[in-house]
There are 4 protein chains.
Amino acid sequence: MSLDVVTQELAARAAEHDRDASFPYDGIAVVHKHGLLTATVAARYGGEGAGLARTVDILSALGAGDPAVALVSAMTLFTHAAQARHPSWPSHLYDELLAESKAWPALVNALRVEPELGSPARGGLPATAGRRDGDSWVIDGHKIFSTGAVALSWMAVWGRTGEDPARVGSFLVRGGSPGVRVEPTWDHLGLRASRSDDVHLEGVRVPLDAFVHTPGGRGADLTAWNALGLAALYLGVARSAQDWLIGFLHERTPASLGRPLATLPRFQAAVGEIEAALVSATVLVRAQAAGYDAGLPVEAGIGKLVATRAAIGAVEQAVALIGNNALNRRNPLERHLRDVLCARIHTPQDDTILAAAGQAALSQYTKEHTP
Amino acid sequence: MSLDVVTQELAARAAEHDRDASFPYDGIAVVHKHGLLTATVAARYGGEGAGLARTVDILSALGAGDPAVALVSAMTLFTHAAQARHPSWPSHLYDELLAESKAWPALVNALRVEPELGSPARGGLPATAGRRDGDSWVIDGHKIFSTGAVALSWMAVWGRTGEDPARVGSFLVRGGSPGVRVEPTWDHLGLRASRSDDVHLEGVRVPLDAFVHTPGGRGADLTAWNALGLAALYLGVARSAQDWLIGFLHERTPASLGRPLATLPRFQAAVGEIEAALVSATVLVRAQAAGYDAGLPVEAGIGKLVATRAAIGAVEQAVALIGNNALNRRNPLERHLRDVLCARIHTPQDDTILAAAGQAALSQYTKEHTP
Amino acid sequence: MSLDVVTQELAARAAEHDRDASFPYDGIAVVHKHGLLTATVAARYGGEGAGLARTVDILSALGAGDPAVALVSAMTLFTHAAQARHPSWPSHLYDELLAESKAWPALVNALRVEPELGSPARGGLPATAGRRDGDSWVIDGHKIFSTGAVALSWMAVWGRTGEDPARVGSFLVRGGSPGVRVEPTWDHLGLRASRSDDVHLEGVRVPLDAFVHTPGGRGADLTAWNALGLAALYLGVARSAQDWLIGFLHERTPASLGRPLATLPRFQAAVGEIEAALVSATVLVRAQAAGYDAGLPVEAGIGKLVATRAAIGAVEQAVALIGNNALNRRNPLERHLRDVLCARIHTPQDDTILAAAGQAALSQYTKEHTP
Amino acid sequence: MSLDVVTQELAARAAEHDRDASFPYDGIAVVHKHGLLTATVAARYGGEGAGLARTVDILSALGAGDPAVALVSAMTLFTHAAQARHPSWPSHLYDELLAESKAWPALVNALRVEPELGSPARGGLPATAGRRDGDSWVIDGHKIFSTGAVALSWMAVWGRTGEDPARVGSFLVRGGSPGVRVEPTWDHLGLRASRSDDVHLEGVRVPLDAFVHTPGGRGADLTAWNALGLAALYLGVARSAQDWLIGFLHERTPASLGRPLATLPRFQAAVGEIEAALVSATVLVRAQAAGYDAGLPVEAGIGKLVATRAAIGAVEQAVALIGNNALNRRNPLERHLRDVLCARIHTPQDDTILAAAGQAALSQYTKEHTP
């Protein structure tokens with residue numbers, strides 16, 4: 001099966017879900033049908049054991065079709081990848097998830113961000129807490145930006161225990177549990193179908209072994225997965241925008257010109273700029289993902305930064321080139337623009353990446369000059 | 001009366017009209033109430049006779065409040081400015097317009113763009129035509145991007161006569177005439193309330209003297225008005241975005257920081273970049289408008305180019321700085337971003353401006369070196 | 001007299017002085033001959049009393065001819081401008097300077113920067129000190145970046161007195177005084193003929209009244225003069241680069257093309273970009289200078305920032321456009337590039353400007369929201 | 001042997017050769033000593049048979065030490081690489097070159113550019129011609145931009161035969177042949193020690209078999225070698241600039257700050273930007289070189305474009321960050337800036353790359369949509 005097929009199947013309904021801000025159940029079913037939703041399940045669990053390089057290709061293809069579907073799928077793929085590298089789910093629960101995943105598209109996501117806290121990637125303790133009550137944790141909390149909330153089979157709710165001292169980790173909560181309420185707050189410029197809504201937990205009860213230690217909210221260190229996987233997703237969006245632009249330039253033949261816009265040097269050079277941005281970012285992200293799979297150190301944040309800028313810049317250049325038509329909502333480019341602008345909002349953000357890259361480069365000197 | 005008051009009155013309902021893509025009748029009424037819709041009526045017609053510098057200030061203030069209202073108002077202001085400089089409307093029709101303008105907000109716009117033609121600014125003859133029938137012209141045609149169509153008192157419909165040879169000019173058509181049909185096609189990323197819909201004319205009948213010669217579709221050469229007026233409009237949008245950003249940075253006090261974001265050097269420098277962009281573009285546009293009013297030659301296209309880039313860049317920087325919150329549709333910045341992205345689509349477009357500026361600079365040399 | 005003539009006279013020998021890093025005595029004589037070196041002497045002292053707007057035009061013309069001459073001249077012009085606004089020189093010494101200025105080009109500069117201190121614009125006390133000895137101050141110190149040192153009639157040496165508490169101000173020292181030694185350390189990428197050398201003062205003796213209180217090293221607050229005057233100087237450099245580029249594009253007729261490069265749309269658009277950058281920065285700097293002369297508040301730092309970026313960007317674009325020929329040292333563009341790159345090094349520097357602009361914009365909010 | 005050692009040995013004298021514009025015989029000897037000058041000699045000729053990936057690493061290391069040495073070495077490496085892939089030199093002449101290469105650093109370069117023609121990469125026939133005279137060609141011509149001319153063992157002089165029809169190829173000329181005259185015209189902003197002088201050929205006599213068919217002037221298609229090899233060279237320059245910057249930021253401890261500049265967030269973020277640019281360009285160039293070696297199609301022009309922009313941008317950012325000190329000629333950063341600015345002048349140039357990339361992307365569509 002070629003990933004192109006998946007892209008096309010998703011693209012067919014992306015505009016509709018964007019307009020309605022409706023969850024793309026059908027798109028998720030497509031991903032499931034092609035077996036991509038469990039691609040990162042480890043071989044020892046009977047899975048394909050896809051590494052980051054393969055995941056990057058998958059997410060780029062999904063992103064080119066429908067980035068909302070891609071984002072929801074990414075969260076599930078990252079959960080399986082984390083369990084493959086550093087198991088945190090108890091065996092019987094993960095077995096349950098795997099069994100379910102065979103039957104239907106079982107979605108998982110880590111719910112991390114809270115209203116008061118800013119993003120947990122920037123430090124701080126969660127307000128969401130589980131107090132012990134016999135054989136259960138009873139959880140109260142409020143999570144925001146919970147991608148795919150309405151359709152999750154499992155929520156890994158980042159929180160602390162009511163013990164002294166408190167432990168911090170994740171409560172593994174069934175999507176439909178009593179006390180879990182999804183509030184449809186998501187109303188964004190782009191990725192509208194991702195339904196990254198608020199989730200309220202009020203007296204939600206889970207067994208004791210459903211509290212697991214998950215650094216970073218998910219288990220293994222998934223910094224590189226998150227950075228490069230989402231970078232690839234938005235490069236997919238930009239590729240779709242470029243494809244549309246190329247088609248437009250071929251089909252548009254102004255009467256005064258007598259031949260397609262694609263024949264004009266000015267447009268060729270502009271497409272060349274877009275191509276240069278996307279090719280170089282794609283090669284970079286793929287090379288870093290392959291390096292990561294080979295156990296090499298990679299500066300994945302830089303990959304995300306460069307790819308994000310390239311993707312946003314490419315779509316903005318396409319818009320600037322086309323003028324009025326580019327911003328018509330009946331035109332997919334308008335949607336691609338709104339979607340790609342969301343690339344910057346995922347952690348790690350640009351300022352964090354640049355500070356880290358600068359400190360790393362500067363500290364190299366310190367190491368070399370310390371006797 | 002301060003223009004700030006007008007800005008605030010318009011801002012109060014801008015979000016609502018954007019969301020509904022509904023025509024801002026109330027906003028136009030506000031502009032009318034403050035006497036701004038006829039500011040450019042010549043003194044000899046009993047008006048204020050505002051020049052371009054004053055118009056630039058007005059449009060900037062309107063744009064900061066609601067750019068859709070500003071765009072619709074601009075078209076009316078430009079029509080009066082053209083009549084002031086180079087009368088093309090027959091006296092009795094213009095008198096009619098003035099009388100009406102005293103009673104209520106009488107909107108006028110030139111309908112120029114046609115589906116097959118691309119923009120008339122790039123050359124070509126209109127397909128819209130009036131054939132003579134006794135004392136009337138009978139007009140058939142189809143216009144697109146007709147800003148404010150649904151609410152226009154008068155439409156100056158750019159077209160040709162059915163004579164041999166054909167003459168090209170404008171048919172002055174009453175908004176509600178039989179045969180005029182507004183098709184609600186406008187569905188754009190930004191300036192949604194401007195209702196720049198399609199207008200179909202089918203057998204529309206006007207008296208013979210309602211056909212006037214109007215170079216560029218409006219009468220006098222309004223290149224500089226169009227360029228600098230719309231530049232100012234979008235600088236107004238960017239100012240609103242900056243104001244919102246500044247408020248956000250003062251009010252946002254992350255627990256981990258213990259003081260507002262506004263105190264951080266990184267945010268101060270970023271606000272400084274935005275300020276530099278907007279101050280310099282504003283000074284440029286005002287200086288060019290004042291120069292124009294003083295009869296000096298000004299390269300207004302350059303003013304538009306620089307102001308457009310500054311406005312778009314400023315809002316994009318604000319969005320990048322704020323992250324997830326910036327793209328939430330409940331947040332005005334999201335709307336400002338969508339609105340400001342429309343700055344590039346008005347003629348003259350960047351490539352045209354740059355080609356003209358380059359040719360002018362290059363031809364200077366030729367003049368100096370020709371014996 | 002047209003300023004163009006001065007530009008041409010200076011341009012004739014600029015390349016030679018650049019190559020030799022020799023002080024342009026002849027260029028300074030040209031400026032003196034045309035009366036421009038004393039243009040800012042106040043009317044009450046018998047001068048022309050040029051304001052900042054006129055000074056900006058002068059410095060732009062000088063910069064287009066030879067920016068080293070322009071920089072040295074600027075320092076003299078700023079000293080006269082300071083005395084005009086807020087006299088700090090004792091009358092008899094200033095009379096002496098004026099008398100001398102009639103006879104020959106009397107150059108003055110403030111020597112401020114010291115090796116240990118960084119720039120005084122960023123705070124700190126001078127190490128240079130004068131101890132009292134009878135009717136004299138006896139001065140010891142070391143100044144760097146002393147533009148035009150070798151040719152100065154007067155040096156306003158920023159320093160402190162040996163009193164308790166020390167006073168900070170300027171010692172007015174004759175250029176040729178015993179104990180003053182100019183060390184030829186200046187060896188820069190650009191502005192090589194400005195001879196911004198080190199000056200050593202060893203037991204230099206001046207009368208008691210030659211110590212004057214000069215805030216900022218010069219007297220009146222010359223922040224705007226410094227910012228806009230030097231901005232204009234580098235815009236002059238960029239204009240010369242553009243002129244050369246335009247000539248090159250007209251004269252270069254590749255055999256394979258059969259007509260000059262100037263006829264190619266790609267080159268026209270590139271010249272258009274340069275024109276847009278220079279026109280907008282020039283209008284901005286002139287408008288701010290006129291505003292300053294009219295007593296309005298102007299954000300001169302922003303003018304410098306924008307003009308500096310425009311000038312550097314314009315020359316870099318010209319270089320990129322021309323390729324190998326652009327970097328040949330026999331070609332003036334190579335020199336213009338090296339000169340214009342010096343634009344960033346003058347105070348206030350970009351980061352300082354942006355921080356100040358950001359803080360000012362942010363504090364506006366605080367003012368409006370404080371009860 | 002680590003390439004770092006070579007970098008350091010070259011760096012030791014790079015400033016001196018730059019200042020004197022003297023050919024770096026000692027630097028070339030260093031490259032020879034380490035066996036790098038013949039790294040690309042094919043295994044079947046007894047060489048190491050280095051591919052493009054290895055060559056990219058070598059040129060990056062040489063460029064970091066002395067880019068003039070690197071450029072001269074690159075030309076020799078490319079000649080051997082061409083012979084390895086598509087032999088054009090007659091065996092006995094190439095054997096001669098190889099024997100010589102064991103004894104001392106035998107340099108080879110293709111002399112291509114002519115005064116009238118512009119670069120041959122843009123089309124056109126050479127004016128340089130060899131007329132047949134018995135068993136010899138007698139060559140007359142004039143070549144410019146002949147890198148390393150003064151030290152070449154062999155010159156592959158691109159020209160045409162005096163036959164009808166003329167054949168176009170290269171005459172293999174011994175560096176010291178009678179009639180070969182090197183005119184020291186090279187006087188550039190950067191890469192001053194590369195001595196890319198004019199070469200005049202006046203009645204130069206070579207045997208008949210010294211005329212060879214060499215598409216592109218060198219034999220095999222070396223487009224990717226040229227693009228990626230030179231890209232790596234300038235990335236090396238930029239790395240040296242970054243290293244210097246990092247050292248400066250650690251060592252500079254302003255009294256008013258009390259700790260090194262390296263501790264300031266503003267400088268860390270700026271170093272992060274430079275690091276991001278250089279890491280991403282380096283990964284891209286290496287990935288493309290490895291892809292080329294693996295027989296995959298690579299868009300090497302895009303690699304050059306991105307790397308060139310990254311290298312120039314990185315050094316310019318470093319200069320802007322440091323201010324006055326950065327432009328002092330006693331400071332290596334000043335030299336790195338001048339050197340890196342030469343990155344743009346090598347073919348293929350940016351506009352050619354962008355046009356090609358755009359046409360390729362656009363033609364993809366045509367292929368897919370042609371029945």
# chains A, B, ... in the order shown; residues from 1 in each chain; ligands from 1

$ interface_residues --of "chain B" --to "chain C" --cutoff "9 Å" --atoms "only C-alpha atoms" --output "PyMOL selection string"
chain B and resi 243+246-247+249-250+262-263+265-277+279-281+283-284+287-288+299+301-303+305-306+351-362+365-366

$ residues_around --residues "C:Ala151" --least-positions-apart "3" --cutoff "10 Å" --atoms "only C-alpha atoms" --output "number ranges by chain"
C: 23-25, 28, 72, 105-108, 147-148, 154, 175-176, 182, 195

$ closest_residue --among "D:Asp187, D:Glu116, D:Glu163, D:Glu96" --to "D:Asp20" --atoms "only C-alpha atoms"
D:Asp187

$ select_by_dssp --residues "stretch 214-343 of chain A" --states "helix (DSSP H, G or I)" --output "compact mmCIF listing (two decimals) with C-alpha atoms, in the first residue's frame"
# COMPACT_ATOMS: atom_id res chain seq x y z
CA PRO A 215 8.14 11.28 32.72
CA GLY A 216 7.02 13.99 30.35
CA GLY A 217 3.51 12.64 30.59
CA THR A 223 11.11 14.75 22.73
CA ALA A 224 12.52 13.75 19.36
CA TRP A 225 9.32 11.95 18.35
CA ASN A 226 7.21 14.92 19.22
CA ALA A 227 9.52 17.41 17.51
CA LEU A 228 10.16 15.52 14.29
CA GLY A 229 6.78 13.80 14.04
CA LEU A 230 4.85 17.06 14.21
CA ALA A 231 7.39 18.77 11.95
CA ALA A 232 6.67 16.10 9.34
CA LEU A 233 2.94 16.56 9.76
CA TYR A 234 3.14 20.25 8.86
CA LEU A 235 5.54 19.60 6.01
CA GLY A 236 2.75 17.40 4.69
CA VAL A 237 0.35 20.33 4.88
CA ALA A 238 2.82 22.52 3.02
CA ARG A 239 3.27 19.87 0.34
CA SER A 240 -0.47 19.83 -0.25
CA ALA A 241 -0.43 23.59 -0.54
CA GLN A 242 2.39 23.40 -3.05
CA ASP A 243 0.56 20.72 -5.05
CA TRP A 244 -2.50 22.91 -5.21
CA LEU A 245 -0.40 25.89 -6.27
CA ILE A 246 1.26 23.92 -9.04
CA GLY A 247 -2.07 22.73 -10.34
CA PHE A 248 -3.46 26.25 -10.22
CA LEU A 249 -0.50 27.65 -12.16
CA HIS A 250 -0.97 25.03 -14.84
CA GLU A 251 -4.69 25.49 -15.16
CA LEU A 261 0.94 31.06 -15.48
CA ALA A 262 3.26 28.08 -14.98
CA THR A 263 5.26 29.24 -17.99
CA PRO A 265 9.76 32.88 -15.00
CA ARG A 266 8.46 34.83 -12.02
CA PHE A 267 6.17 31.99 -11.00
CA GLN A 268 8.81 29.38 -11.71
CA ALA A 269 11.27 31.13 -9.42
CA ALA A 270 8.63 31.40 -6.71
CA VAL A 271 7.81 27.71 -6.96
CA GLY A 272 11.56 27.11 -6.82
CA GLU A 273 11.78 28.98 -3.52
CA ILE A 274 8.98 26.88 -2.10
CA GLU A 275 10.56 23.70 -3.40
CA ALA A 276 13.92 24.64 -1.90
CA ALA A 277 12.34 25.28 1.49
CA LEU A 278 10.37 22.04 1.52
CA VAL A 279 13.06 19.79 0.07
CA SER A 280 15.68 21.00 2.50
CA ALA A 281 13.40 20.74 5.53
CA THR A 282 12.21 17.29 4.48
CA VAL A 283 15.73 15.98 3.98
CA LEU A 284 16.70 17.41 7.36
CA VAL A 285 13.78 15.88 9.24
CA ARG A 286 14.26 12.50 7.60
CA ALA A 287 18.01 12.51 8.21
CA GLN A 288 17.49 13.39 11.86
CA ALA A 289 14.83 10.71 12.27
CA ALA A 290 17.12 8.11 10.69
CA GLY A 291 19.95 9.28 12.92
CA TYR A 292 17.74 8.95 15.99
CA ASP A 293 16.75 5.41 15.00
CA ALA A 300 15.52 17.39 16.95
CA GLY A 301 14.41 20.82 18.14
CA ILE A 302 16.36 22.38 15.30
CA GLY A 303 14.62 20.04 12.88
CA LYS A 304 11.26 21.18 14.18
CA LEU A 305 12.22 24.86 14.07
CA VAL A 306 13.50 24.70 10.52
CA ALA A 307 10.63 22.56 9.25
CA THR A 308 8.00 24.73 10.91
CA ARG A 309 9.43 27.88 9.42
CA ALA A 310 9.76 26.23 6.02
CA ALA A 311 6.20 24.94 6.06
CA ILE A 312 4.66 28.23 7.18
CA GLY A 313 6.85 30.23 4.84
CA ALA A 314 6.03 28.02 1.87
CA VAL A 315 2.28 28.35 2.32
CA GLU A 316 2.52 32.09 2.93
CA GLN A 317 4.54 32.50 -0.25
CA ALA A 318 1.94 30.53 -2.18
CA VAL A 319 -0.80 32.77 -0.79
CA ALA A 320 1.11 35.93 -1.64
CA LEU A 321 1.64 34.66 -5.15
CA ILE A 322 -1.99 33.92 -5.92
CA GLY A 323 -3.70 36.94 -4.42
CA ASN A 324 -7.42 37.11 -3.92
CA ASN A 325 -8.14 33.55 -4.98
CA ALA A 326 -5.79 32.23 -2.33
CA LEU A 327 -7.93 33.50 0.51
CA PRO A 332 -8.03 24.51 -0.20
CA LEU A 333 -5.07 26.86 0.05
CA GLU A 334 -7.01 29.00 2.50
CA ARG A 335 -7.42 25.97 4.76
CA HIS A 336 -3.81 24.91 4.36
CA LEU A 337 -2.76 28.38 5.46
CA ARG A 338 -4.90 28.22 8.60
CA ASP A 339 -3.68 24.73 9.39
CA VAL A 340 -0.02 25.38 8.85
CA LEU A 341 -0.10 28.44 11.09
CA CYS A 342 -0.74 26.01 13.97
CA ALA A 343 2.73 24.54 13.48

$ atom_distance --atom1 "atom CA of B:Ala42" --atom2 "atom CA of B:Arg54"
13.3 Å

$ atom_distance --atom1 "atom CA of D:Pro207" --atom2 "atom CA of D:Gly141"
17.1 Å

$ select_by_dssp --residues "stretch 152-215 of chain B" --states "strand (DSSP E)" --output "PyMOL selection string"
chain B and resi 154-161+168-174+180-183+197-207+211-212

$ atom_distance --atom1 "atom CA of B:Ala149" --atom2 "atom CA of B:Val199"
7.1 Å
